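Quick notes on the structure that follows.
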Amino acid sequence: MRTIKIFDTTLRDGEQSPGASMNVEEKLQVARQLVRLGVDIIEAGFPIASPGDFEAVQRIASEVQGATIAGLARAKEQDIRRAWEALKDAPQRRIHTFHSTSDIHLKYQFRVSREEALKRSVEMVAFAKSLVDDIEFSPMDATRTDPDYLIEVVEAVIDAGASTVNIPDTVGYTTPNEFGSLIKTIKERIGEKAVISVHCHNDLGLSVANSLAAIINGAGQVECTVNGIGERAGNCSMEEVVMNLATRKDFYKASTNINTKEIIRTSRLVTRITGIPVQPNKAVVGANAFAHESGIHQDGLLKEKMTYEIIRPEDVGLKSTELVLGKHSGRHAFKTRLIELGYELTDEEVETAFNKFKHLADQKKNIFDEDIEALVSEEVSRIPEIYSLVELSISSGTNVSPTASLKMKINGAVVETKEHGDGPVDAAYRAITSLTKTKSNLLKFDVKGITGGTDALGEVVVSLEEDGKTARGNGADTDIIVAAAKAYITALNKLALRKKQA
Ligand code: KIV
Ligand code: ZN
């Protein structure tokens, strides 16, 4: 049985999804969860892209152990040096460098000849190799590259020191048969000289199928993202490719080092942190992936699970929503549960989350894992609070003009106001804008109930934009208007931090 390496690029290509930017603390939480999940390589970012990207790669390299940490770099000396600086504290590190090889990219975007592209690729792989032993090279837009030239580049970069050659389907153009035979040809040419990796985008919905076809034909590494997030239509979805290999071991004769029981938790963490929801019918991690609606199916399942269930829900970490804590649970039980859920919070953050938990327990009898995850999401972001909510009361109804009375703390001083609006959320948001004197635009406003029941914790996710910068905020409360106010204030704090950093 072959072991296929899982190279997770949620923090790099995944972050290229519109609106998915994560701050450093959020990236650290995701990276730690990826280690628990068992990925082999974490692509932590693109260090030259921005100071924030550099810091994230550097912190992950020095604080997260248990996987190889990779940093992306164009085939340019300054990019590679920057990646090296960010990665040097990691016990296992990899520089992933790339250069386009398709005539379309070379002619229209980079205006260089094939010879020049080959020369730069070789020189830069050799330069990266002088800094780090583990080098990956990607010929970008490989699937629209002349195959003979592609193989020439692949062989040359291996000779220059690349130990992994990644074949990207950058624009999601290939098909399983075509891609499978390309990988087969490359495998026949390079044998065991380097690991063949694949990196498939999902523009035509084939990223997982193409990656699996590559595995059958000799690929030893798959690049993927949690929930399939990524540039445009996204990347190959980690959970789908892993569960295909696990469920059809008989066919693929390959496995991974992934602890599949961590899949759901990882998916939820990424959803919460990026604000990108998972479609209900998404394979493996969608809300309906294990829901059986038809009477015939339910009848079969009651008699024998195997009739309609090819994956056991518990194998991906799905537990029937189970009661975890209640009003009488103490600080210790709460902290233990947080650790089990994969959160690493400071004592101060645990204390804040515990107070929120106690407050929630007064309003809601049964508290589930999902409630706890929503409660700690603000702590996970670790943003300094310039603005915080002190009190909010709303009057609204069929014959009442919606009014918000709001008290906030701004830079330590308590201020208050009263505003009317078109609805209760509008009134609350007008009050927040008036006190904070901010001018952001609301890009997105999503509300969902965390668990069932009328006492459910409601979670609101908002995205704001100001001066070209965007920020996302989550807020959870049994009162949906309070949740909306918290989400708005969190996003404002993130925007303020971004402006300060800029
Ligand atoms: O899609 C792509 O080609 C990439 C490369 C940088 C590997 O993301
Ligand atoms: Zn990509």
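In the structure tokens, each chain is lettered A, B, ... as it comes, each chain's residues begin at 1, and ligands are numbered from 1 in order of appearance.
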Near Gly180 of chain A, counting only C-alpha atoms, which residues have an atom at most 9 Å away, once you skip same-chain residues fewer than 5 positions from it, shown as a VMD selection string? chain A and resid 175 185 210 to 218
All residues within 8 Å of ligand 2 are required, counting only C-alpha atoms and all ligand atoms; please report them as a list in words. Asp13, Pro168, Asp169, Thr170, His199, Cys200, His201, Gly230, Glu231 and Asn235 of chain A
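When only C-alpha atoms and all ligand atoms are used to measure the gap to ligand 1, the shortest distance among A:Leu106, A:Ala70, A:Ala142, A:Val132 belongs to A:Ala142.
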Please determine, counting only C-alpha atoms and all ligand atoms, which residue among A:Val482, A:Ile186, A:Ala75, A:Leu443 has the shortest atom-to-atom distance to ligand 1. A:Ala75
Out of segment 33-90 of chain A, which residues get strand (DSSP E or B) from DSSP, as a PyMOL selection string? chain A and resi 41-45+68-74
The selected residues should be written to file as an mmCIF file, in the first residue's frame (atoms: N, CA, C and O atoms).
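Ended up saving to selection.cif:
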```cif
data_model
loop_
_atom_site.group_PDB
_atom_site.id
_atom_site.type_symbol
_atom_site.label_atom_id
_atom_site.label_comp_id
_atom_site.auth_asym_id
_atom_site.auth_seq_id
_atom_site.Cartn_x
_atom_site.Cartn_y
_atom_site.Cartn_z
ATOM 1 N N ILE A 41 2.511 18.176 4.947
ATOM 2 C CA ILE A 41 3.143 19.477 4.657
ATOM 3 C C ILE A 41 2.077 20.564 4.770
ATOM 4 O O ILE A 41 0.967 20.419 4.250
ATOM 5 N N ILE A 42 2.454 21.656 5.441
ATOM 6 C CA ILE A 42 1.537 22.810 5.528
ATOM 7 C C ILE A 42 2.167 23.944 4.728
ATOM 8 O O ILE A 42 3.272 24.396 5.063
ATOM 9 N N GLU A 43 1.484 24.383 3.671
ATOM 10 C CA GLU A 43 1.985 25.568 2.969
ATOM 11 C C GLU A 43 1.434 26.769 3.737
ATOM 12 O O GLU A 43 0.241 27.086 3.667
ATOM 13 N N ALA A 44 2.329 27.418 4.497
ATOM 14 C CA ALA A 44 1.863 28.423 5.455
ATOM 15 C C ALA A 44 1.633 29.789 4.828
ATOM 16 O O ALA A 44 0.976 30.641 5.431
ATOM 17 N N GLY A 45 2.139 30.029 3.626
ATOM 18 C CA GLY A 45 1.900 31.329 2.997
ATOM 19 C C GLY A 45 2.937 31.634 1.936
ATOM 20 O O GLY A 45 3.728 30.761 1.540
ATOM 21 N N THR A 68 5.967 19.309 7.943
ATOM 22 C CA THR A 68 6.915 20.162 7.218
ATOM 23 C C THR A 68 6.207 21.479 6.918
ATOM 24 O O THR A 68 5.034 21.476 6.519
ATOM 25 N N ILE A 69 6.903 22.592 7.111
ATOM 26 C CA ILE A 69 6.289 23.897 6.814
ATOM 27 C C ILE A 69 6.886 24.400 5.495
ATOM 28 O O ILE A 69 8.108 24.471 5.338
ATOM 29 N N ALA A 70 5.994 24.730 4.564
ATOM 30 C CA ALA A 70 6.449 25.212 3.255
ATOM 31 C C ALA A 70 6.091 26.684 3.071
ATOM 32 O O ALA A 70 5.085 27.162 3.597
ATOM 33 N N GLY A 71 6.937 27.378 2.318
ATOM 34 C CA GLY A 71 6.660 28.777 1.977
ATOM 35 C C GLY A 71 6.776 28.893 0.463
ATOM 36 O O GLY A 71 7.671 28.293 -0.149
ATOM 37 N N LEU A 72 5.879 29.676 -0.132
ATOM 38 C CA LEU A 72 5.866 29.811 -1.590
ATOM 39 C C LEU A 72 6.776 30.968 -2.026
ATOM 40 O O LEU A 72 6.877 31.984 -1.327
ATOM 41 N N ALA A 73 7.407 30.803 -3.175
ATOM 42 C CA ALA A 73 8.288 31.850 -3.703
ATOM 43 C C ALA A 73 8.280 31.770 -5.228
ATOM 44 O O ALA A 73 8.363 30.673 -5.778
ATOM 45 N N ARG A 74 8.155 32.940 -5.891
ATOM 46 C CA ARG A 74 8.332 32.902 -7.341
ATOM 47 C C ARG A 74 9.791 32.532 -7.621
ATOM 48 O O ARG A 74 10.628 32.620 -6.707
#
```
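In this model, the gap between atom CA of Leu360 of chain A and atom CA of Ala496 of chain A comes to 28.5 Å.
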Can you check which residues of segment 166-351 of chain A DSSP gives as helix (DSSP H, G or I) on the backbone and send them as a PyMOL selection string? chain A and resi 176-190+207-216+226-228+238-247+249-252+260-274+295-303+305-307+313-316+331-340+347-351
Selected residue, from A:Val316, A:Val208, A:Leu37, A:Met140, that lies nearest to ligand 1 when counting only C-alpha atoms and all ligand atoms: A:Met140
Nearest to ligand 1 among A:Cys236, A:Ala162, A:Ile367, A:Ala483, with distances taken over only C-alpha atoms and all ligand atoms: which residue is it? A:Cys236
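The shortest atom-to-atom distance to ligand 1, with only C-alpha atoms and all ligand atoms taken into account, belongs to A:Thr101 out of A:Ser130, A:Thr101, A:Ser62, A:Asn259.
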Nearby residues (only C-alpha atoms) at most 9 Å from Ile60 of chain A, same-chain spacing under 6 positions excluded, as a PyMOL selection string: chain A and resi 24+27-28+31-32+44+69+87+90
Just the number, please: distance in Å from atom CA of Val171 of chain A to atom CA of Ser267 of chain A, one decimal. 24.3 Å
Give me the residues within 9 Å of segment 150-155 of chain A as a PDB file with N, CA and C atoms, in the first residue's frame, counting only C-alpha atoms and dropping any in the same chain fewer than 2 places off.
```pdb
ATOM      1  N   THR A 101       5.062  27.792 -17.341  1.00  0.00           N
ATOM      2  CA  THR A 101       5.710  27.116 -18.464  1.00  0.00           C
ATOM      3  C   THR A 101       4.831  27.101 -19.725  1.00  0.00           C
ATOM      4  N   SER A 102       3.552  27.432 -19.608  1.00  0.00           N
ATOM      5  CA  SER A 102       2.707  27.363 -20.815  1.00  0.00           C
ATOM      6  C   SER A 102       3.038  28.540 -21.736  1.00  0.00           C
ATOM      7  N   ALA A 117      12.661  30.782 -19.502  1.00  0.00           N
ATOM      8  CA  ALA A 117      11.877  30.242 -18.372  1.00  0.00           C
ATOM      9  C   ALA A 117      12.576  29.020 -17.786  1.00  0.00           C
ATOM     10  N   LEU A 118      13.100  28.181 -18.663  1.00  0.00           N
ATOM     11  CA  LEU A 118      13.797  26.973 -18.193  1.00  0.00           C
ATOM     12  C   LEU A 118      15.053  27.358 -17.409  1.00  0.00           C
ATOM     13  N   SER A 121      14.172  28.814 -14.018  1.00  0.00           N
ATOM     14  CA  SER A 121      13.661  27.781 -13.101  1.00  0.00           C
ATOM     15  C   SER A 121      14.823  26.982 -12.514  1.00  0.00           C
ATOM     16  N   VAL A 122      15.740  26.571 -13.399  1.00  0.00           N
ATOM     17  CA  VAL A 122      16.880  25.758 -12.951  1.00  0.00           C
ATOM     18  C   VAL A 122      17.754  26.561 -11.979  1.00  0.00           C
ATOM     19  N   PHE A 137       9.275  22.261  -6.893  1.00  0.00           N
ATOM     20  CA  PHE A 137       9.138  23.188  -8.020  1.00  0.00           C
ATOM     21  C   PHE A 137       7.816  22.935  -8.736  1.00  0.00           C
ATOM     22  N   SER A 138       7.123  24.045  -9.088  1.00  0.00           N
ATOM     23  CA  SER A 138       5.872  23.930  -9.849  1.00  0.00           C
ATOM     24  C   SER A 138       5.989  24.637 -11.191  1.00  0.00           C
ATOM     25  N   PRO A 139       5.812  23.919 -12.305  1.00  0.00           N
ATOM     26  CA  PRO A 139       5.700  24.584 -13.605  1.00  0.00           C
ATOM     27  C   PRO A 139       4.245  25.054 -13.745  1.00  0.00           C
ATOM     28  N   ALA A 142       0.802  23.938 -15.960  1.00  0.00           N
ATOM     29  CA  ALA A 142       1.420  22.744 -16.563  1.00  0.00           C
ATOM     30  C   ALA A 142       0.489  22.052 -17.555  1.00  0.00           C
ATOM     31  N   THR A 143      -0.811  22.051 -17.253  1.00  0.00           N
ATOM     32  CA  THR A 143      -1.724  21.275 -18.102  1.00  0.00           C
ATOM     33  C   THR A 143      -1.996  21.959 -19.442  1.00  0.00           C
ATOM     34  N   THR A 145       0.681  23.323 -20.987  1.00  0.00           N
ATOM     35  CA  THR A 145       2.066  23.449 -21.457  1.00  0.00           C
ATOM     36  C   THR A 145       2.337  22.328 -22.460  1.00  0.00           C
ATOM     37  N   ASP A 146       3.159  22.614 -23.467  1.00  0.00           N
ATOM     38  CA  ASP A 146       3.568  21.556 -24.410  1.00  0.00           C
ATOM     39  C   ASP A 146       4.218  20.428 -23.588  1.00  0.00           C
ATOM     40  N   PRO A 147       3.668  19.193 -23.634  1.00  0.00           N
ATOM     41  CA  PRO A 147       4.164  18.124 -22.754  1.00  0.00           C
ATOM     42  C   PRO A 147       5.665  17.861 -22.877  1.00  0.00           C
ATOM     43  N   ASP A 148       6.222  17.968 -24.099  1.00  0.00           N
ATOM     44  CA  ASP A 148       7.666  17.707 -24.245  1.00  0.00           C
ATOM     45  C   ASP A 148       8.480  18.756 -23.481  1.00  0.00           C
ATOM     46  N   VAL A 157      14.818  20.620 -13.466  1.00  0.00           N
ATOM     47  CA  VAL A 157      14.756  21.109 -12.075  1.00  0.00           C
ATOM     48  C   VAL A 157      15.098  19.987 -11.088  1.00  0.00           C
ATOM     49  N   ILE A 158      14.798  18.748 -11.475  1.00  0.00           N
ATOM     50  CA  ILE A 158      15.191  17.636 -10.592  1.00  0.00           C
ATOM     51  C   ILE A 158      16.719  17.569 -10.548  1.00  0.00           C
ATOM     52  N   ASP A 159      17.344  17.699 -11.710  1.00  0.00           N
ATOM     53  CA  ASP A 159      18.815  17.685 -11.733  1.00  0.00           C
ATOM     54  C   ASP A 159      19.388  18.842 -10.914  1.00  0.00           C
ATOM     55  N   ALA A 160      18.634  19.961 -10.869  1.00  0.00           N
ATOM     56  CA  ALA A 160      19.126  21.132 -10.116  1.00  0.00           C
ATOM     57  C   ALA A 160      18.852  20.994  -8.619  1.00  0.00           C
ATOM     58  N   ALA A 162      15.479  19.756  -7.144  1.00  0.00           N
ATOM     59  CA  ALA A 162      14.089  19.656  -6.649  1.00  0.00           C
ATOM     60  C   ALA A 162      13.797  18.205  -6.250  1.00  0.00           C
ATOM     61  N   VAL A 165       8.279  17.496  -7.643  1.00  0.00           N
ATOM     62  CA  VAL A 165       7.837  18.301  -8.783  1.00  0.00           C
ATOM     63  C   VAL A 165       6.318  18.282  -8.777  1.00  0.00           C
ATOM     64  N   THR A 185       3.238   9.558 -18.006  1.00  0.00           N
ATOM     65  CA  THR A 185       4.421   9.832 -18.840  1.00  0.00           C
ATOM     66  C   THR A 185       5.553  10.416 -17.986  1.00  0.00           C
ATOM     67  N   ILE A 186       5.182  11.363 -17.112  1.00  0.00           N
ATOM     68  CA  ILE A 186       6.230  11.985 -16.276  1.00  0.00           C
ATOM     69  C   ILE A 186       6.849  10.918 -15.363  1.00  0.00           C
ATOM     70  N   ARG A 189       9.296   8.796 -17.031  1.00  0.00           N
ATOM     71  CA  ARG A 189      10.566   9.480 -17.319  1.00  0.00           C
ATOM     72  C   ARG A 189      11.410   9.682 -16.066  1.00  0.00           C
ATOM     73  N   ILE A 190      10.761  10.045 -14.944  1.00  0.00           N
ATOM     74  CA  ILE A 190      11.604  10.419 -13.780  1.00  0.00           C
ATOM     75  C   ILE A 190      11.747   9.290 -12.756  1.00  0.00           C
TER      76      ILE A 190
END
```
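Distance check against ligand 1 using only C-alpha atoms and all ligand atoms: of A:Thr174, A:Asp89, A:Gly234, A:Asn227, the minimum falls on A:Gly234.
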Would you mind listing what lies within 9 Å of segment 51-55 of chain A as a ChimeraX atom specification, with only C-alpha atoms counted and same-chain residues fewer than 4 positions away left out? /A:12,23-24,44-47,59-60,82-83,85-86,501
Asn244 of chain A: which residues within 12 Å, counting only C-alpha atoms, same-chain residues fewer than 4 positions away excluded, as a ChimeraX atom specification? /A:208-209,211-213,215,237-240,248-256,260,283-284,310-311
For the selection just defined, write its residues with C-alpha atoms to a file, as a compact mmCIF listing (two decimals), in the first residue's frame.
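Done, and the output landed in selection03.txt:
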```
# COMPACT_ATOMS: atom_id res chain seq x y z
CA VAL A 208 -10.73 15.72 -6.94
CA ALA A 209 -11.25 13.39 -9.93
CA SER A 211 -6.07 14.34 -8.40
CA LEU A 212 -7.27 10.75 -7.99
CA ALA A 213 -6.42 9.97 -11.63
CA ILE A 215 -2.58 9.08 -7.85
CA SER A 237 -10.84 19.30 -1.39
CA MET A 238 -8.73 17.60 1.29
CA GLU A 239 -11.64 15.73 2.87
CA GLU A 240 -12.89 14.39 -0.46
CA ARG A 248 -11.87 2.76 -1.75
CA LYS A 249 -8.55 1.39 -0.50
CA ASP A 250 -9.40 -1.77 -2.46
CA PHE A 251 -9.30 0.26 -5.68
CA TYR A 252 -6.61 2.90 -5.13
CA LYS A 253 -4.31 0.74 -2.99
CA ALA A 254 -3.07 3.92 -1.36
CA SER A 255 -3.60 5.59 1.99
CA THR A 256 -2.69 8.84 3.77
CA THR A 260 -9.98 11.13 9.47
CA ALA A 283 -19.42 15.52 0.09
CA VAL A 284 -18.04 14.43 3.48
CA ILE A 310 -20.43 4.03 2.67
CA ILE A 311 -18.68 6.19 5.28
```
Would you give me, as a Markdown table, each residue of segment 260-361 of chain A having an atom within 9 Å of an atom of segment 467-480 of chain A, along with its shortest atom pair and that distance in Å to one decimal, using only C-alpha atoms and sorting by chain and residue number?
```
| residue | atom | partner | partner_atom | distance |
| --- | --- | --- | --- | --- |
| A:Arg272 | CA | A:Asn474 | CA | 8.0 |
| A:Ile273 | CA | A:Asn474 | CA | 8.6 |
| A:Thr274 | CA | A:Arg472 | CA | 8.0 |
| A:Gly275 | CA | A:Arg472 | CA | 7.3 |
| A:Leu360 | CA | A:Thr478 | CA | 7.5 |
```
Print the selection's residues with C-alpha atoms to a file, as a CSV table (one decimal), in the first residue's frame.
```csv
chain,number,residue,atom,x,y,z
A,272,ARG,CA,-15.6,29.8,11.2
A,273,ILE,CA,-12.3,31.5,10.6
A,274,THR,CA,-12.7,32.2,6.9
A,275,GLY,CA,-16.4,33.0,7.0
A,360,LEU,CA,-24.9,31.4,28.0
```
